[in-house]
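Notes follow the structure.
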Amino acid sequence: METVLSIIKILFFPGLLFLLVAAMLAEYIDRKACAHMQNRIGPPWYQPLADVLKLLGKKTIIPKNAGKALFRALPSVSFAAVATAFLSIPVWGSHAVVEFEGDIVVILYLLTIPTVCLFLAGWDSHDVYASMGSFRTLTQMFAYEVPLFMVLLTPALIAGTWSVSGILLYYSENPLYTLINIPAFIIALIISQGKLERPPFDAPEAETEIVGGALVEYSGRYLAIFRMAADSELIVVVSLLAALFLPFITGIAWIDFILYIVKILALILILAVLKASMARIRMDQMLHFCWWVLTPIAAVEIIVILIVNGGIAL
Amino acid sequence: MKAEETILRLKEAFPDIGDDLKSPSPLRVFTPFLEPKRFEEVLIYAKDKLNYYRGLHIVGTDEGENLGFTYLVSNADGVILAIREIVPKSNPHIRSMSDIYPAMLMHERELVDLFGAEIEGLPEGPSYPLPDGWPKGQYPMRKEWNPKYFNKMTMTYEPPEEKATDTATAANDNKDNAAKTAADEKSTAGGGASK
Amino acid sequence: MSEGLTIPIGPQHPSLKEPVSFLITLDGEVVKKAVIELGYNHRGLEKACESRTYIQDLYIIERVCGICSHAHSYAYCRCVEELAGLQTPRRAEYIRGIVGELERLHSHLLWLGVAGHEIGFDTLFMYTWRDRERVLDLLAEIGGNRVNYGINTIGGVRRDLDENICQHILDVMDGLEEQIKYYAELANTEATLIARLAGIGILTRDDVIKYGAVGPVARAAGIMDDVRIVEPYGVFTEIKVNGVTDDHADVYGRTVVRIKEMLESIRLIRLMVKEMPDGPISVRAPRRIPTGEIIIRVEAPRGEDVHYLRSNGTDKPDRVRVRAPSEANWHGMKHMLEGFHFADVPIIIAAIDPCYSCTDRAIMLRSDKGDTVTDWESLRRTGIERYKKMGIDPSKIRMRTSGV
């Protein structure tokens with residue numbers, strides 16, 4: 001019985017199926033919100049699903065000199081990593097499907113896999129635009145990883161646990177400590193745009209320069225899976241931010257679930273505002289921004305936390 | 001430097017062409033058609049001494065047996081000086097002025113493609129503006145070239161016959177053609193052609 | 001990558017609206033070498049003009065460019081009028097002036113949107129193009145069409161402006177002024193916008209002189225080359241234009257110049273509408289134009305538009321030559337691109353507001369099936385029938401008529 005329940009949890013709710021539905025709705029809300037900010041009407045609610053179904057029905061073309069197996073495997077690997085990461089984030093109530101001490105590190109590790117997959121996809125396509133895109137993807141990863149990891153680990157430092165559910169529980173008991181994390185939260189919001197390769201950090205897929213970047217040669221169902229992975233990544237990242245920086249829960253599972261939906265909706269809308277209100281910044285500007293602005297702030301944040309932590313421990 | 005001063009200075013430097021300088025409106029100066037060597041001297045003089053620093057444009061014209069190239073340059077006061085040269089169609093050999101006026105480069109390439117000018121000293125680079133498969137030796141802006149005989153599908157130019165070309169065109173548009181030929185002769189003569 | 005990666009931009013590329021080819025050799029992300037290949041849009045217009053009458057040519061010349069169609073037809077008309085010794089009525093010159101400035105507004109708004117899109121700022125793109133629609137609606141109301149308005153004819157203009165249209169123009173100007181002031185503020189404050197535009201695509205004063213750049217590119221480097229000021233023509237002999245220059249010499253400078261020029265255009269339009277004299281709008285033009293040759297300059301939205309015309313006493317021109325402003329700005333492009341980042345290539349290209357049709361000029365107006373003239377109503381009927389066959393009934397869609 002336990003096994004069956006776990007399988008249901010992993011496959012349907014709050015696992016894979018929920019993630020897919022949430023990803024599509026997130027994409028819809030993101031696009032619709034952006035469209036409204038840009039004086040457009042925007043797509044109907046079923047547009048993300050329609051896009052995926054259309055892509056699934058399209059012919060798949062694989063470049064002649066691409067490694068066929070790798071080319072086919074990458075989208076699935078990318079999506080699998082994202083879906084796995086989602087299992088360790090609490091959605092229903094305060095407990096995740098899979099939780100253990102140190103799962104936040106595993107989530108961060110799993111979240112780098114889509115980026116690496118994107119790099120490999122571009123590299124394997126043997127196309128100038130795709131190569132440029134994959135170089136930029138990799139460069140961007142080096143730019144955002146350090147500040148992103150630093151700010152995501154700050155809540156863990158205070159909570160004294162390396163489990164997302166543990167952090168959530170700790171802060172729900174000591175809600176005032178979340179105030180210390182506000183600078184980290186702001187950095188995390190900005191940097192997650194880079195992680196998700198969304199404007200203003202979408203240089204790796206800038207269509208006016210490199211025609212869409214690493215995924216230029218992808219088509220049909222492989223592209224559909226890559227897109228699902230990207231949408232799911234958005235959900236995973238905002239869920240993680242919600243769990244780490246907005247840890248307000250009541251203890252009643254269904255109310256917590258509604259709270260969770262409200263939190264991720266708010267985060268998606270904030271990300272949409274960031275997306276609509278800025279120009280795409282260049283690769284060198286991105287590096288400069290991450291290393292000279294965000295990383296020092298994150299470092300100061302960590303030092304402050306360590307001092308505060310020392311105070312708590314005393 | 002206004003147009004009158006330009007004319008005075010040019011008259012001083014090149015007495016032989018001085019009388020043929022025309023200024024139809026306050027900001028325009030036209031020189032007569034010059035042979036290539038003389039043309040080059042005038043152009044360099046205009047750039048170095050008269051400070052006509054901006055290369056504006058080149059107008060290629062069909063002058064019957066000859067080809068005329070009018071280089072338009074302008075100065076800080078907005079005067080446009082048109083310096084013209086003339087070469088026979090049989091040997092349309094001129095020297096590139098793109099080292100003096102870099103802005104003339106593209107227009108000179110256009111002369112090569114459209115008028116069949118042979119330009120010495122033109123830097124390497126893509127041709128402009130005709131497509132890659134354009135037949136060699138076909139210069140569409142010359143008057144005798146008639147788009148009627150150009151097959152866009154095969155990219156070949158097939159006039160009916162050497163002699164028939166004239167009669168066909170003449171029959172087609174008798175009056176106009178006659179007038180045009182007359183005008184061609186007139187402008188060639190009136191422009192003070194070299195040779 | 002030390003040997004350099006060569007990336008083709010074009011002939012088909014998302015950042016290019018028309019075909020042109022760039023071969024960009026990169027050293028890392030920096031452009032080491034740029035090879036520009038033009039000519040994909042050569043249509044043989046100049047040749048086509050030689051075998052048609054002056055009035056037919058007017059419609060060919062209007063189609064040299066889809067954006068600055070008025071500037072080209074204006075320049076051509078002035079060539080013919082001066083050769084024929086025609087004195088155009090003052091009211092006609094005012095109407096030409098108003099349409100010309102409206103064209104400048106719509107062209108600069110279009111440019112601002114394209115620039116926003118090239119640097120990934122789509123919100124700006126959507127905003128400016130929404131505002132541009134209002135100008136296009138005005139132009140459609142004046143001339144009957146959104147882009148090739150067909151307002152010019154040899155000897156004057158074809159359509160008069162009545163009280164209602166004048167009032168409508170003034171109303172739209174009020175709304176637009178507010179929006180354009182907002183864009184000016186945006187250009188001054190939005191950090192990412194400035195970060196992407198400032199310091200790239202530099203063409204200094206000396207380079208402008210060397211490469212013969214015109215229009216906003218020259219004015220951004222501090223060179224006042226506005227033909228409306230250098231050699232006033234038409235309505236601008238009566239109404240003085242306040243020229244706009246800037247000293248940034250980069251893409252940001254060109255943006256600022258264009259935004260300020262839009263505000264100046266609005267001022268001019270208001271003044272012209274207010275001071276427009278009564279009278280006829282055209283004079284009769286002869287069919288045959290006396291022998292002569294002429295060079296005419298007109299300030300198009302993108303810069304100085306030079307037309308050369310030679311007549312031979314018949315009803316057809318002997319030679320028509322067009323130097324569109326984009327053509328002059330291409331020469332400095334290589335210099336502007338090299339040394340900057342690859343990411344800046346699209347915006348640097350866009351910053352001269354290139355118009356490839358203008359550059360290459362030249363529609364082989366040929367129909368193998370023979371020409372048929374279709375009026376608007378029957379075209380609409382044909383369209384509706386075609387779609388009915390496909391199972392869609394568009395007949396309920398209301399047709400937009402002028403004056404709405």
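Numbering starts fresh at 1 for the residues of each chain in the structure tokens, the chains themselves are lettered A, B, ... in the order given, and ligands are numbered from 1 as they appear.
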
TODO: Run DSSP on the backbone and grab whatever in segment 133-299 of chain C lands in strand (DSSP E); send it over as a PyMOL selection string.
DONE: chain C and resi 152-153+156-157+292-299

Select, as a PDB file with N, CA and C atoms, in the first residue's frame, those residues of chain C with any atom no more than 6 Å from chain A (distances computed using only C-alpha atoms).
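New file iface-v7.pdb:
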```
ATOM      1  N   PRO C  14      16.421  36.494 -38.158  1.00  0.00           N
ATOM      2  CA  PRO C  14      15.313  37.139 -37.431  1.00  0.00           C
ATOM      3  C   PRO C  14      15.520  38.614 -37.148  1.00  0.00           C
ATOM      4  N   SER C  15      16.768  39.060 -37.088  1.00  0.00           N
ATOM      5  CA  SER C  15      16.951  40.470 -36.754  1.00  0.00           C
ATOM      6  C   SER C  15      16.891  41.343 -37.990  1.00  0.00           C
ATOM      7  N   GLU C 118      15.488  44.627 -31.054  1.00  0.00           N
ATOM      8  CA  GLU C 118      16.838  44.101 -31.272  1.00  0.00           C
ATOM      9  C   GLU C 118      17.599  43.921 -29.964  1.00  0.00           C
ATOM     10  N   ILE C 119      17.311  44.735 -28.969  1.00  0.00           N
ATOM     11  CA  ILE C 119      18.006  44.562 -27.699  1.00  0.00           C
ATOM     12  C   ILE C 119      17.138  43.795 -26.713  1.00  0.00           C
ATOM     13  N   GLY C 120      16.131  43.102 -27.228  1.00  0.00           N
ATOM     14  CA  GLY C 120      15.327  42.225 -26.378  1.00  0.00           C
ATOM     15  C   GLY C 120      14.378  42.957 -25.460  1.00  0.00           C
ATOM     16  N   PHE C 121      14.034  44.197 -25.816  1.00  0.00           N
ATOM     17  CA  PHE C 121      13.122  44.970 -24.984  1.00  0.00           C
ATOM     18  C   PHE C 121      11.792  45.065 -25.732  1.00  0.00           C
ATOM     19  N   THR C 123       8.750  45.163 -24.835  1.00  0.00           N
ATOM     20  CA  THR C 123       7.693  46.039 -24.347  1.00  0.00           C
ATOM     21  C   THR C 123       7.747  47.391 -25.059  1.00  0.00           C
ATOM     22  N   MET C 126       6.311  47.015 -28.526  1.00  0.00           N
ATOM     23  CA  MET C 126       4.847  46.979 -28.571  1.00  0.00           C
ATOM     24  C   MET C 126       4.262  48.377 -28.352  1.00  0.00           C
ATOM     25  N   THR C 192      18.928  49.340 -18.145  1.00  0.00           N
ATOM     26  CA  THR C 192      19.339  48.312 -19.112  1.00  0.00           C
ATOM     27  C   THR C 192      19.346  48.864 -20.524  1.00  0.00           C
ATOM     28  N   LEU C 193      18.405  49.763 -20.800  1.00  0.00           N
ATOM     29  CA  LEU C 193      18.337  50.375 -22.130  1.00  0.00           C
ATOM     30  C   LEU C 193      19.618  51.160 -22.398  1.00  0.00           C
TER      31      LEU C 193
END
```

TODO: Identify which of the residues C:Val257, C:Leu109, C:Ile352, C:Ile209 lies closest to chain B, counting only C-alpha atoms when measuring atom-to-atom distances.
DONE: C:Ile209

Selection near Phe125 of chain C, 9 Å with only C-alpha atoms, sequence-local residues under 3 positions removed, as a CSV table (one decimal) with C-alpha atoms, in the first residue's frame:
```csv
chain,number,residue,atom,x,y,z
A,38,GLN,CA,2.9,45.1,-23.4
C,110,LEU,CA,9.0,52.3,-36.1
C,112,LEU,CA,12.4,53.0,-31.8
C,113,GLY,CA,10.3,49.8,-31.8
C,114,VAL,CA,12.8,47.9,-33.9
C,115,ALA,CA,15.6,49.0,-31.7
C,116,GLY,CA,13.8,47.9,-28.7
C,117,HIS,CA,13.2,44.5,-30.3
C,121,PHE,CA,13.1,45.0,-25.0
C,122,ASP,CA,9.9,43.9,-26.6
C,128,THR,CA,5.9,52.4,-30.0
C,129,TRP,CA,4.2,50.4,-32.7
C,130,ARG,CA,0.8,51.0,-31.0
```

Extract, using only C-alpha atoms, all DNA, RNA and protein residues at most 7 Å from segment 26-28 of chain B, discarding same-chain residues fewer than 2 positions from it, and format them as a compact mmCIF listing (two decimals) with N, CA and C atoms, in the first residue's frame.
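Written file, part31.txt:
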```txt
# COMPACT_ATOMS: atom_id res chain seq x y z
N ALA B 3 28.86 78.54 -54.00
CA ALA B 3 29.01 78.08 -55.38
C ALA B 3 29.86 79.03 -56.21
N SER B 23 26.24 76.75 -63.02
CA SER B 23 25.65 76.75 -61.69
C SER B 23 24.17 77.09 -61.82
N PRO B 24 23.35 76.07 -62.09
CA PRO B 24 21.93 76.33 -62.37
C PRO B 24 21.17 76.86 -61.16
N PHE B 30 28.08 72.37 -61.78
CA PHE B 30 28.34 71.25 -62.68
C PHE B 30 29.58 71.52 -63.50
N GLY B 78 26.90 72.85 -47.92
CA GLY B 78 25.82 72.16 -48.60
C GLY B 78 25.83 72.34 -50.11
N VAL B 79 26.94 72.89 -50.66
CA VAL B 79 27.03 73.01 -52.11
C VAL B 79 27.32 71.64 -52.70
N ILE B 80 26.61 71.27 -53.75
CA ILE B 80 26.88 70.00 -54.42
C ILE B 80 27.65 70.29 -55.70
N LEU B 81 28.84 69.73 -55.79
CA LEU B 81 29.69 69.90 -56.97
C LEU B 81 29.62 68.60 -57.76
```

TODO: Measuring atom to atom with only C-alpha atoms, identify which of A:Ile270, A:Ile297, A:Val98, A:Phe289 is nearest to Ala33 of chain A.
DONE: A:Ile270

TODO: May I ask which of the residues C:Leu197, C:Val31, C:Ala343, C:Met333 is the closest one to chain B, counting only C-alpha atoms?
DONE: C:Met333

- [ ] Can you check which residues of chain B have any atom within 8 Å of chain C? Use only C-alpha atoms and format it as a list in words.
- [x]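 Going by the stated atoms only, the list reads Arg28, Tyr53, Arg54, Gly55, Leu56, His57, Val59, Thr61, Asp77, Gly78, Tyr101, Pro102, Ala103, Leu105, Met106, Pro126, Ser127, Tyr128, Pro129, Leu130, Pro131, Pro140, Met141, Asp176, Ala179, Lys180, Ala183 and Asp184 of chain B.
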